[in-house]
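Right, one structure below, let's go through it.
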Number of protein chains: 2
Amino acid sequence: MPQGVRAQQRELTRQALVRESRRLFSTLGYGAVGLSEIVAAAGVTKGALYHHFSSKAELFRVVLEQAQQEVAERIAATADARESSWEQLLVGCEAFLGASTDPAIQRIMLIDGPAVLGWAEWREMNEATSGRHLAEVLAVLIEEGTIPAQPVEPLTHLLSGAMNEAALWLAASSDPADLADATAALTRLLEALRVP
Amino acid sequence: MPQGVRAQQRELTRQALVRESRRLFSTLGYGAVGLSEIVAAAGVTKGALYHHFSSKAELFRVVLEQAQQEVAERIAATADARESSWEQLLVGCEAFLGASTDPAIQRIMLIDGPAVLGWAEWREMNEATSGRHLAEVLAVLIEEGTIPAQPVEPLTHLLSGAMNEAALWLAASSDPADLADATAALTRLLEALRVP
DNA sequence: GTCCTAGACATACTGAAGGTACGCCAACAC
DNA sequence: GTGTTGGCGTACCTTCAGTATGTCTAGGAC
């Protein structure tokens with residue numbers, strides 16, 4: 001918490017804006033949420049919003065960054081508890097699926113993210129957080145010889161995309177058995193990658 | 001071509017709107033294109049646009065439908081030339097990668113599609129076109145025993161997502177070797193699925 | 001304590017965008 | 001020839017992101 005009445009108030013306002021906009025973005029989607037709703041929910045005015053953020057898209061960017069961080073931390077916490085890199089890959093992927101199934105995370109991270117910021121910037125952010133974990137563990141596994149030698153980047157994108165789509169499907173599905181099926185299919189896919 | 005002067009003019013206007021909006025959507029993105037630009041490019045006014053389409057989103061929907069159809073046809077044409085289901089899967093996936101690498105297709109199909117129409121509707125359209133080919137051939141391969149017995153749907157989503165992401169990565173990449181690498185990685189992934 | 005500056009907002013406004021209401025005119029039916 | 005309807009243009013409305021400017025007070029200088 002910062003020192004001084006002013007700095008504290010500033011921080012409170014900023015947090016309220018981020019919190020409320022995240023709630024609204026995740027439930028209604030970026031396009032369907034007006035700035036007036038956000039500032040009303042945060043108990044401030046548009047003057048405050050534009051004092052803290054240069055545009056609606058930048059506010060979204062901060063929200064997305066926060067969500068990405070949280071997901072990455074969940075993955076890291078789950079994976080770091082394992083010894084072997086291979087197990088880290090498996091439980092890391094499962095953790096990603098679990099975290100990304102949350103509709104609130106989804107709408108922001110997977111649906112609106114690429115459209116609002118553009119795919120390039122979205123990818124960059126992804127690679128700075130959860131995507132990095134995946135790329136790193138794959139690189140280790142290839143070096144170890146657990147996975148056949150090959151360029152890391154294409155494989156990372158393939159797996160990352162597979163999990164993103166699976167997460168979206170799971171969130172839309174109503175059958176609870178689907179989660180088990182998807183996890184099983186993903187595990188099979190990963191196992192199939194391993195050298196015999 | 002429909003009969004009558006009126007019906008022909010109607011069709012021409014509609015086609016001009018779809019053609020120009022597709023061009024603009026694919027180059028600038030849905031959000032960055034105004035209706036005024038579209039109608040100006042098509043040589044009509046907003047009155048004409050709203051006579052043919054109920055909203056900007058519906059116009060986009062028609063454009064997306066058209067793009068999906070084209071991709072699906074390219075895949076079908078490539079795959080149908082092969083004898084075995086396994087080969088159909090391989091060349092079908094490659095055809096999808098090739099078609100989706102076109103930035104004009106991409107922006108509409110993979111970036112804006114889910115955000116504008118919502119993921120559920122986007123998925124539905126996908127499953128009616130190119131996604132169906134994938135699901136069908138996978139079902140056949142499982143029944144044949146070429147791929148281990150498992151639910152078809154999760155696997156379809158995993159592979160579909162993997163290819164979508166790979167296509168987006170390829171379009172953003174500048175190195176021409178990436179296409180070969182991605183294709184190789186995808187082929188390895190598919191081969192790994194096959195029962196030994 | 002006083003003064004002054006600057007930062008943290010609120011208020012009022014602008015431009016542009018999507019969408020609507022309505023009017024016009026040529027094509028088609030009869 | 002006359003009435004009707006479909007196809008489209010024009011003018012307008014509403015909403016929304018973004019801006020310009022005012023206001024008030026915390027906090028440092030003295």
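If you're wondering about the labels, chains in the structure tokens are A, B, ... by order shown, residues count from 1 in each chain, ligands from 1 in order shown.
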Dump as a tab-separated table the rows for residues of chain D within 9 Å of chain A: closest atom pair and distance in Å with one decimal, only C-alpha atoms (C1' of nucleotides) counted, ordered by chain and rising residue number.
residue	atom	partner	partner_atom	distance
D:DC16	C1'	A:Gly34	CA	7.1
D:DA17	C1'	A:Lys56	CA	7.8
D:DG18	C1'	A:Ser55	CA	8.0
D:DA26	C1'	A:Arg6	CA	6.4
D:DG27	C1'	A:Gly4	CA	9.0
N, CA and C atoms (P, O5', C5', C4', C3', O3' and C1' of nucleotides) of the current selection, written as a PDB file, in the first residue's frame:
ATOM      1  P    DC D  16     -24.429   3.240 -24.758  1.00  0.00           P
ATOM      2  O5'  DC D  16     -22.900   3.274 -25.163  1.00  0.00           O
ATOM      3  C5'  DC D  16     -22.503   2.857 -26.486  1.00  0.00           C
ATOM      4  C4'  DC D  16     -21.275   3.623 -26.916  1.00  0.00           C
ATOM      5  C3'  DC D  16     -20.309   3.893 -25.754  1.00  0.00           C
ATOM      6  O3'  DC D  16     -19.068   3.266 -25.994  1.00  0.00           O
ATOM      7  C1'  DC D  16     -20.636   5.834 -27.095  1.00  0.00           C
ATOM      8  P    DA D  17     -17.985   3.045 -24.837  1.00  0.00           P
ATOM      9  O5'  DA D  17     -16.698   3.753 -25.459  1.00  0.00           O
ATOM     10  C5'  DA D  17     -16.192   3.290 -26.715  1.00  0.00           C
ATOM     11  C4'  DA D  17     -15.365   4.373 -27.358  1.00  0.00           C
ATOM     12  C3'  DA D  17     -14.120   4.780 -26.572  1.00  0.00           C
ATOM     13  O3'  DA D  17     -13.043   4.934 -27.484  1.00  0.00           O
ATOM     14  C1'  DA D  17     -15.508   6.684 -26.928  1.00  0.00           C
ATOM     15  P    DG D  18     -11.544   5.248 -26.936  1.00  0.00           P
ATOM     16  O5'  DG D  18     -11.478   6.829 -26.887  1.00  0.00           O
ATOM     17  C5'  DG D  18     -11.586   7.554 -28.096  1.00  0.00           C
ATOM     18  C4'  DG D  18     -11.706   9.031 -27.801  1.00  0.00           C
ATOM     19  C3'  DG D  18     -10.632   9.624 -26.873  1.00  0.00           C
ATOM     20  O3'  DG D  18      -9.959  10.657 -27.573  1.00  0.00           O
ATOM     21  C1'  DG D  18     -12.772  10.412 -26.292  1.00  0.00           C
ATOM     22  P    DA D  26      -7.403  17.047   1.764  1.00  0.00           P
ATOM     23  O5'  DA D  26      -6.036  16.216   1.685  1.00  0.00           O
ATOM     24  C5'  DA D  26      -5.931  15.175   0.733  1.00  0.00           C
ATOM     25  C4'  DA D  26      -4.558  15.204   0.055  1.00  0.00           C
ATOM     26  C3'  DA D  26      -3.364  15.169   1.018  1.00  0.00           C
ATOM     27  O3'  DA D  26      -2.388  14.311   0.484  1.00  0.00           O
ATOM     28  C1'  DA D  26      -3.221  17.070  -0.389  1.00  0.00           C
ATOM     29  P    DG D  27      -1.269  13.651   1.349  1.00  0.00           P
ATOM     30  O5'  DG D  27      -0.021  14.606   1.088  1.00  0.00           O
ATOM     31  C5'  DG D  27       0.463  14.745  -0.244  1.00  0.00           C
ATOM     32  C4'  DG D  27       1.412  15.913  -0.339  1.00  0.00           C
ATOM     33  C3'  DG D  27       2.380  16.059   0.847  1.00  0.00           C
ATOM     34  O3'  DG D  27       3.666  16.306   0.351  1.00  0.00           O
ATOM     35  C1'  DG D  27       1.320  18.100   0.423  1.00  0.00           C
TER      36       DG D  27
END
Would you list the contacts of stretch 90-106 of chain B as a list in words, taking every protein, DNA or RNA residue within 6 Å and counting only C-alpha atoms (C1' of nucleotides), but skipping same-chain residues closer than 5 positions in sequence?
Ser26, Ile75, Ala79, Ala167 and Ala171 of chain B
6 Å contacts from chain B to chain A using only C-alpha atoms, as number ranges by chain
B: 111-112, 115, 154, 157-158, 161-162, 165-166, 182, 192-193
Only N, CA and C atoms, please: the residues just picked out, written as a PDB file, in the first residue's frame.
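In the end it all went to selection-v8.pdb:
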ATOM      1  N   ILE B 111      -9.934 -14.454 -35.824  1.00  0.00           N
ATOM      2  CA  ILE B 111      -9.795 -13.359 -34.849  1.00  0.00           C
ATOM      3  C   ILE B 111     -11.150 -12.755 -34.490  1.00  0.00           C
ATOM      4  N   ASP B 112     -11.810 -12.175 -35.492  1.00  0.00           N
ATOM      5  CA  ASP B 112     -13.045 -11.451 -35.208  1.00  0.00           C
ATOM      6  C   ASP B 112     -14.247 -12.372 -35.049  1.00  0.00           C
ATOM      7  N   ALA B 115     -15.282 -13.219 -31.474  1.00  0.00           N
ATOM      8  CA  ALA B 115     -15.584 -12.023 -30.689  1.00  0.00           C
ATOM      9  C   ALA B 115     -16.887 -11.375 -31.136  1.00  0.00           C
ATOM     10  N   PRO B 154     -13.794 -34.437 -28.093  1.00  0.00           N
ATOM     11  CA  PRO B 154     -12.634 -33.759 -27.501  1.00  0.00           C
ATOM     12  C   PRO B 154     -11.443 -33.751 -28.441  1.00  0.00           C
ATOM     13  N   HIS B 157     -11.794 -31.102 -31.118  1.00  0.00           N
ATOM     14  CA  HIS B 157     -11.534 -29.744 -30.644  1.00  0.00           C
ATOM     15  C   HIS B 157     -10.045 -29.512 -30.420  1.00  0.00           C
ATOM     16  N   LEU B 158      -9.379 -30.495 -29.884  1.00  0.00           N
ATOM     17  CA  LEU B 158      -7.935 -30.340 -29.659  1.00  0.00           C
ATOM     18  C   LEU B 158      -7.214 -30.092 -30.979  1.00  0.00           C
ATOM     19  N   GLY B 161      -8.265 -26.702 -32.625  1.00  0.00           N
ATOM     20  CA  GLY B 161      -7.613 -25.582 -31.955  1.00  0.00           C
ATOM     21  C   GLY B 161      -6.141 -25.504 -32.281  1.00  0.00           C
ATOM     22  N   ALA B 162      -5.493 -26.645 -32.319  1.00  0.00           N
ATOM     23  CA  ALA B 162      -4.066 -26.678 -32.642  1.00  0.00           C
ATOM     24  C   ALA B 162      -3.813 -26.080 -34.015  1.00  0.00           C
ATOM     25  N   GLU B 165      -4.461 -22.162 -34.143  1.00  0.00           N
ATOM     26  CA  GLU B 165      -3.356 -21.406 -33.552  1.00  0.00           C
ATOM     27  C   GLU B 165      -2.120 -21.443 -34.449  1.00  0.00           C
ATOM     28  N   ALA B 166      -1.858 -22.609 -35.009  1.00  0.00           N
ATOM     29  CA  ALA B 166      -0.708 -22.728 -35.907  1.00  0.00           C
ATOM     30  C   ALA B 166      -0.860 -21.817 -37.116  1.00  0.00           C
ATOM     31  N   ALA B 182       5.912 -26.170 -39.054  1.00  0.00           N
ATOM     32  CA  ALA B 182       4.580 -26.369 -38.477  1.00  0.00           C
ATOM     33  C   ALA B 182       3.913 -27.601 -39.072  1.00  0.00           C
ATOM     34  N   ALA B 192       1.632 -39.605 -34.203  1.00  0.00           N
ATOM     35  CA  ALA B 192       1.752 -40.111 -32.841  1.00  0.00           C
ATOM     36  C   ALA B 192       0.429 -40.646 -32.323  1.00  0.00           C
ATOM     37  N   LEU B 193      -0.654 -40.181 -32.933  1.00  0.00           N
ATOM     38  CA  LEU B 193      -1.973 -40.632 -32.511  1.00  0.00           C
ATOM     39  C   LEU B 193      -2.277 -42.045 -32.964  1.00  0.00           C
TER      40      LEU B 193
END
Counting only C-alpha atoms (C1' of nucleotides), which residues from chain C have an atom at most 12 Å from any atom of chain A, and could you show them as a tab-separated table (two decimals) with all heavy atoms, in the first residue's frame?
chain	number	residue	atom	x	y	z
C	6	DA	P	3.77	22.90	-10.75
C	6	DA	OP1	5.17	22.80	-11.19
C	6	DA	OP2	2.76	23.65	-11.56
C	6	DA	O5'	3.19	21.45	-10.50
C	6	DA	C5'	3.59	20.73	-9.32
C	6	DA	C4'	2.55	19.67	-9.00
C	6	DA	O4'	1.42	20.28	-8.32
C	6	DA	C3'	1.97	18.97	-10.23
C	6	DA	O3'	1.75	17.62	-9.92
C	6	DA	C2'	0.66	19.69	-10.45
C	6	DA	C1'	0.23	19.90	-8.99
C	6	DA	N9	-0.76	20.96	-8.82
C	6	DA	C8	-0.88	22.10	-9.55
C	6	DA	N7	-1.88	22.87	-9.16
C	6	DA	C5	-2.45	22.17	-8.12
C	6	DA	C6	-3.54	22.44	-7.28
C	6	DA	N6	-4.29	23.55	-7.37
C	6	DA	N1	-3.84	21.53	-6.32
C	6	DA	C2	-3.09	20.43	-6.23
C	6	DA	N3	-2.03	20.06	-6.96
C	6	DA	C4	-1.77	20.99	-7.89
C	7	DG	P	2.01	16.49	-11.00
C	7	DG	OP1	3.45	16.15	-10.98
C	7	DG	OP2	1.36	16.91	-12.25
C	7	DG	O5'	1.20	15.25	-10.41
C	7	DG	C5'	1.21	15.03	-9.01
C	7	DG	C4'	-0.20	14.86	-8.48
C	7	DG	O4'	-0.91	16.13	-8.55
C	7	DG	C3'	-1.07	13.87	-9.28
C	7	DG	O3'	-1.77	13.08	-8.35
C	7	DG	C2'	-2.02	14.77	-10.05
C	7	DG	C1'	-2.20	15.91	-9.06
C	7	DG	N9	-2.68	17.16	-9.64
C	7	DG	C8	-2.17	17.81	-10.73
C	7	DG	N7	-2.80	18.92	-11.00
C	7	DG	C5	-3.81	19.00	-10.04
C	7	DG	C6	-4.81	19.99	-9.84
C	7	DG	O6	-5.03	21.01	-10.48
C	7	DG	N1	-5.61	19.67	-8.74
C	7	DG	C2	-5.46	18.56	-7.95
C	7	DG	N2	-6.33	18.43	-6.95
C	7	DG	N3	-4.52	17.63	-8.13
C	7	DG	C4	-3.74	17.91	-9.19
C	8	DA	P	-2.11	11.55	-8.67
C	8	DA	OP1	-1.46	10.69	-7.65
C	8	DA	OP2	-1.84	11.35	-10.10
C	8	DA	O5'	-3.68	11.50	-8.44
C	8	DA	C5'	-4.21	11.87	-7.17
C	8	DA	C4'	-5.67	12.23	-7.30
C	8	DA	O4'	-5.79	13.55	-7.88
C	8	DA	C3'	-6.47	11.30	-8.23
C	8	DA	O3'	-7.71	10.97	-7.62
C	8	DA	C2'	-6.69	12.14	-9.47
C	8	DA	C1'	-6.81	13.53	-8.85
C	8	DA	N9	-6.57	14.63	-9.79
C	8	DA	C8	-5.66	14.68	-10.80
C	8	DA	N7	-5.68	15.80	-11.49
C	8	DA	C5	-6.67	16.54	-10.88
C	8	DA	C6	-7.19	17.83	-11.13
C	8	DA	N6	-6.74	18.62	-12.11
C	8	DA	N1	-8.18	18.28	-10.33
C	8	DA	C2	-8.63	17.47	-9.35
C	8	DA	N3	-8.22	16.24	-9.02
C	8	DA	C4	-7.23	15.84	-9.82
C	9	DC	P	-8.53	9.65	-8.09
C	9	DC	OP1	-9.59	9.44	-7.12
C	9	DC	OP2	-7.57	8.59	-8.36
C	9	DC	O5'	-9.18	10.08	-9.49
C	9	DC	C5'	-10.58	10.21	-9.60
C	9	DC	C4'	-11.01	11.67	-9.37
C	9	DC	O4'	-10.01	12.57	-9.90
C	9	DC	C3'	-12.28	12.03	-10.09
C	9	DC	O3'	-13.39	11.72	-9.29
C	9	DC	C2'	-12.13	13.53	-10.32
C	9	DC	C1'	-10.64	13.80	-10.16
C	9	DC	N1	-9.98	14.41	-11.35
C	9	DC	C2	-10.31	15.72	-11.73
C	9	DC	O2	-11.17	16.33	-11.08
C	9	DC	N3	-9.72	16.28	-12.82
C	9	DC	C4	-8.80	15.58	-13.49
C	9	DC	N4	-8.22	16.17	-14.55
C	9	DC	C5	-8.44	14.24	-13.14
C	9	DC	C6	-9.05	13.71	-12.07
C	10	DA	P	-14.77	11.43	-9.94
C	10	DA	OP1	-15.67	10.83	-8.93
C	10	DA	OP2	-14.49	10.71	-11.18
C	10	DA	O5'	-15.32	12.87	-10.30
C	10	DA	C5'	-15.64	13.79	-9.26
C	10	DA	C4'	-16.28	15.05	-9.83
C	10	DA	O4'	-15.29	15.73	-10.65
C	10	DA	C3'	-17.50	14.81	-10.73
C	10	DA	O3'	-18.49	15.78	-10.45
C	10	DA	C2'	-16.93	14.94	-12.13
C	10	DA	C1'	-15.78	15.92	-11.97
C	10	DA	N9	-14.66	15.66	-12.87
C	10	DA	C8	-13.89	14.53	-12.93
C	10	DA	N7	-12.93	14.57	-13.82
C	10	DA	C5	-13.08	15.81	-14.41
C	10	DA	C6	-12.38	16.47	-15.43
C	10	DA	N6	-11.33	15.91	-16.08
C	10	DA	N1	-12.78	17.70	-15.78
C	10	DA	C2	-13.83	18.25	-15.14
C	10	DA	N3	-14.57	17.74	-14.14
C	10	DA	C4	-14.13	16.50	-13.83
C	11	DT	P	-19.91	15.68	-11.15
C	11	DT	OP1	-20.89	16.21	-10.18
C	11	DT	OP2	-20.04	14.33	-11.71
C	11	DT	O5'	-19.82	16.71	-12.37
C	11	DT	C5'	-19.23	17.98	-12.17
C	11	DT	C4'	-19.24	18.77	-13.45
C	11	DT	O4'	-18.05	18.46	-14.22
C	11	DT	C3'	-20.43	18.51	-14.38
C	11	DT	O3'	-20.97	19.75	-14.79
C	11	DT	C2'	-19.83	17.73	-15.55
C	11	DT	C1'	-18.40	18.25	-15.57
C	11	DT	N1	-17.41	17.29	-16.14
C	11	DT	C2	-16.51	17.75	-17.07
C	11	DT	O2	-16.48	18.90	-17.46
C	11	DT	N3	-15.64	16.79	-17.53
C	11	DT	C4	-15.58	15.46	-17.14
C	11	DT	O4	-14.75	14.69	-17.62
C	11	DT	C5	-16.55	15.06	-16.15
C	11	DT	C7	-16.56	13.64	-15.67
C	11	DT	C6	-17.41	15.99	-15.70
C	12	DA	P	-22.34	19.77	-15.64
C	12	DA	OP1	-23.18	20.86	-15.11
C	12	DA	OP2	-22.88	18.40	-15.73
C	12	DA	O5'	-21.81	20.20	-17.08
C	12	DA	C5'	-20.74	21.14	-17.17
C	12	DA	C4'	-20.28	21.23	-18.62
C	12	DA	O4'	-19.28	20.21	-18.88
C	12	DA	C3'	-21.40	21.04	-19.64
C	12	DA	O3'	-21.31	22.01	-20.66
C	12	DA	C2'	-21.17	19.62	-20.15
C	12	DA	C1'	-19.66	19.48	-20.03
C	12	DA	N9	-19.20	18.11	-19.87
C	12	DA	C8	-19.78	17.13	-19.11
C	12	DA	N7	-19.15	15.98	-19.15
C	12	DA	C5	-18.08	16.22	-19.99
C	12	DA	C6	-17.03	15.40	-20.45
C	12	DA	N6	-16.89	14.12	-20.09
C	12	DA	N1	-16.13	15.95	-21.28
C	12	DA	C2	-16.27	17.22	-21.63
C	12	DA	N3	-17.21	18.10	-21.27
C	12	DA	C4	-18.09	17.52	-20.44
Write down as number ranges by chain the residues belonging to stretch 18-196 of chain A that are assigned alpha helix (DSSP H) by DSSP computed on the backbone.
A: 18-28, 35-42, 46-52, 56-80, 85-100, 103-106, 113-117, 119-128, 130-144, 152-172, 177-193
Please compute the atom C1' of C:DT5-atom CA of A:Val39 distance, one decimal, in Å.
28.4 Å
Suppose you want the space between atom C1' of D:DA20 and atom CA of A:Ala57; what is it in Å?
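Separation between atom C1' of D:DA20 and atom CA of A:Ala57: 21.2 Å.
Between atom CA of B:Asn126 and atom CA of B:Gln68 the interatomic distance comes to 7.2 Å.
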With a distance cut-off of 6 Å and only C-alpha atoms (C1' of nucleotides), select the neighbouring residues of B:Ser21, excluding the residue or stretch itself and same-chain residues fewer than 4 positions from it, and output the selection as JSON, numbers by chain.
{"B": [17, 25, 38]}
